[in-house]
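Trainee: I have a structure I would like to understand better, so I am pasting it below and will then ask my questions one at a time.
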2 protein chains.
Amino acid sequence: MKSVLDQIRPDNDQANTCPIRDVLDRIGDQWSLLVLATLDPGVKRFSQLEREIGDISKQMLSKTLRRLEQDGFVAREVHAEVPPRVEYRLTALGRSFLEPMRGLIRWAEANQAAIVAARRRA
Amino acid sequence: MKSVLDQIRPDNDQANTCPIRDVLDRIGDQWSLLVLATLDPGVKRFSQLEREIGDISKQMLSKTLRRLEQDGFVAREVHAEVPPRVEYRLTALGRSFLEPMRGLIRWAEANQAAIVAARRRA
DNA sequence: CAGAATCCTTGCCGATACTG
DNA sequence: CAGTATCGGCAAGGATTCTG
């Protein structure tokens, strides 16, 4: 069985970036995962995302969405109307990503108490 | 089935932090996951970690280790010798965390090509 | 060897204002 | 409504130095 390490090291070879670090860099930021999760139930408009997330700025929401779109996690659909309406939805890739995430989420829920306890001990 | 959203929103209630965001904030940084992975095979000394990771600075390795220790992912053992020898190893909590991570790693490996392709299209 | 302390650069990100 | 453009504060993190 391959160790976790082999798959995470940044420079196994020179120019090829590590897939996991690549993915984590997208997901590890402050908002990406939250946006993906907010889109999980279905289609949402820009301002709807803004409202539901609450504490995200327009700029970060915009940037986050564009990067998620670029990476193929989210699809963007512009309706030629006035006022403009833009809808966002998860792609198949985006939905498939949330699958393994649920495992991590379950772990986090199950073990947060242990982490908080450890933190308090220290 | 609970949606992913319910478990990720930062403010379901007032003062309680979201477990997933809490965990991701630890793991999402530049080094934590890499350090955990490097410790996966077994016990390692400080300079050994430094060498194996390669592009981490002393300061960041130290900070990362202390935080991982605080949160109960890593155990630190000091041997009273000259020169000093300090060993780090994963705790049970740390090892258990790597379990769900493997799912994410597998996903990243399986789908990085799709992400790169999407990126190139954009 | 294992780290703590210091300095300094970089870029993330929030707030705000502006546009089609 | 759905963004982009600009400014600025602040914190992450690299390089280096110092110590037990």
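As shown in the structure tokens, the chain order sets the letters A, B, ...; within each chain, residues go from 1, and ligands are also counted from 1 in the order they appear.
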Enumerate as a PyMOL selection string all residues of region 10-97 of chain A assigned to helix (DSSP H, G or I) by DSSP on the backbone, naming them with the chain letters and numbers the document uses.
Mentor: chain A and resi 19-27+32-39+46-53+58-70+92-97
Trainee: Show me, as a PyMOL selection string, the residues that have an atom within 10 Å of region 30-41 of chain B when counting only C-alpha atoms (C1' of nucleotides), minus same-chain residues fewer than 4 positions from it.
Mentor: (chain A and resi 3-10+20-21+24-25+28) or (chain B and resi 25-26+45+48-50+52-53+56+60-61+63-65+67-68+73-74+88-90+94-95+97-98+101) or (chain D and resi 12-13)
Trainee: Could you work out which residues of chain A fall inside 6 Å of chain B? Count only C-alpha atoms, and format the result as number ranges by chain.
Mentor: A: 4-5, 19-20, 28, 37-38, 70-72, 100, 103-105, 108-109, 112, 115, 118-119, 122
Trainee: Could you pull out the strand (DSSP E or B) residues of region 26-121 of chain A, going by DSSP on the backbone, and write them as a tab-separated table (two decimals) with N, CA and C atoms, in the first residue's frame?
Mentor:
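Written output follows (part-v2.tsv):
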```tsv
chain	number	residue	atom	x	y	z
A	44	LYS	N	-28.17	28.46	-7.59
A	44	LYS	CA	-28.26	29.69	-6.80
A	44	LYS	C	-27.77	30.88	-7.63
A	45	ARG	N	-28.33	32.03	-7.36
A	45	ARG	CA	-27.85	33.25	-8.00
A	45	ARG	C	-26.76	33.88	-7.14
A	74	VAL	N	-17.79	24.32	-10.78
A	74	VAL	CA	-19.04	25.09	-10.80
A	74	VAL	C	-19.32	25.55	-12.23
A	75	ALA	N	-20.60	25.51	-12.59
A	75	ALA	CA	-20.99	26.03	-13.91
A	75	ALA	C	-21.73	27.34	-13.73
A	76	ARG	N	-21.47	28.26	-14.63
A	76	ARG	CA	-22.04	29.61	-14.55
A	76	ARG	C	-22.92	29.82	-15.78
A	77	GLU	N	-24.12	30.29	-15.54
A	77	GLU	CA	-25.05	30.50	-16.64
A	77	GLU	C	-25.60	31.91	-16.57
A	78	VAL	N	-25.37	32.68	-17.62
A	78	VAL	CA	-25.83	34.06	-17.68
A	78	VAL	C	-27.11	34.13	-18.50
A	79	HIS	N	-28.13	34.74	-17.92
A	79	HIS	CA	-29.37	34.94	-18.66
A	79	HIS	C	-29.41	36.37	-19.16
A	85	ARG	N	-29.39	38.18	-14.68
A	85	ARG	CA	-29.54	37.06	-13.77
A	85	ARG	C	-28.45	36.06	-14.10
A	86	VAL	N	-27.67	35.71	-13.10
A	86	VAL	CA	-26.58	34.75	-13.30
A	86	VAL	C	-26.76	33.62	-12.32
A	87	GLU	N	-26.75	32.43	-12.83
A	87	GLU	CA	-26.98	31.28	-11.96
A	87	GLU	C	-25.74	30.39	-11.89
A	88	TYR	N	-25.54	29.87	-10.70
A	88	TYR	CA	-24.41	28.97	-10.49
A	88	TYR	C	-24.93	27.62	-10.04
A	89	ARG	N	-24.25	26.60	-10.51
A	89	ARG	CA	-24.62	25.25	-10.07
A	89	ARG	C	-23.37	24.38	-10.06
A	90	LEU	N	-23.41	23.33	-9.25
A	90	LEU	CA	-22.30	22.39	-9.24
A	90	LEU	C	-22.26	21.60	-10.54
```
Trainee: Would you list which chain D residues are within 8 Å of chain A using only C-alpha atoms (C1' of nucleotides), as a list in words?
Mentor: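 Only these qualify: DC1, DA2 and DG3 of chain D.
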Trainee: May I have the residues from that selection written out with N, CA and C atoms (P, O5', C5', C4', C3', O3' and C1' of nucleotides), as an mmCIF file, in the first residue's frame?
Mentor:
```cif
data_model
loop_
_atom_site.group_PDB
_atom_site.id
_atom_site.type_symbol
_atom_site.label_atom_id
_atom_site.label_comp_id
_atom_site.auth_asym_id
_atom_site.auth_seq_id
_atom_site.Cartn_x
_atom_site.Cartn_y
_atom_site.Cartn_z
ATOM 1 P P DC D 1 -30.975 43.354 -6.292
ATOM 2 O "O5'" DC D 1 -30.571 43.153 -7.837
ATOM 3 C "C5'" DC D 1 -31.230 42.110 -8.525
ATOM 4 C "C4'" DC D 1 -30.299 41.582 -9.580
ATOM 5 C "C3'" DC D 1 -29.102 40.815 -9.022
ATOM 6 O "O3'" DC D 1 -28.898 39.688 -9.876
ATOM 7 C "C1'" DC D 1 -28.314 42.673 -10.261
ATOM 8 P P DA D 2 -27.936 38.510 -9.414
ATOM 9 O "O5'" DA D 2 -26.540 38.900 -10.062
ATOM 10 C "C5'" DA D 2 -26.438 38.975 -11.477
ATOM 11 C "C4'" DA D 2 -25.097 39.510 -11.879
ATOM 12 C "C3'" DA D 2 -23.899 38.865 -11.153
ATOM 13 O "O3'" DA D 2 -22.872 38.626 -12.104
ATOM 14 C "C1'" DA D 2 -23.784 41.186 -10.951
ATOM 15 P P DG D 3 -21.729 37.510 -11.737
ATOM 16 O "O5'" DG D 3 -20.934 38.142 -10.515
ATOM 17 C "C5'" DG D 3 -19.603 38.537 -10.761
ATOM 18 C "C4'" DG D 3 -19.555 39.922 -11.402
ATOM 19 C "C3'" DG D 3 -18.208 40.576 -11.355
ATOM 20 O "O3'" DG D 3 -17.433 40.176 -12.468
ATOM 21 C "C1'" DG D 3 -19.994 42.132 -10.998
#
```
Trainee: Give me the chain C side of the contact with chain B, cut-off 8 Å, one line per residue showing its nearest atom pair and distance in Å at one decimal, counting only C-alpha atoms (C1' of nucleotides), sorted by chain and residue number, as a Markdown table.
Mentor:
```
| residue | atom | partner | partner_atom | distance |
| --- | --- | --- | --- | --- |
| C:DC1 | C1' | B:Pro84 | CA | 5.5 |
| C:DA2 | C1' | B:Pro84 | CA | 6.9 |
| C:DG3 | C1' | B:Ser62 | CA | 7.2 |
```
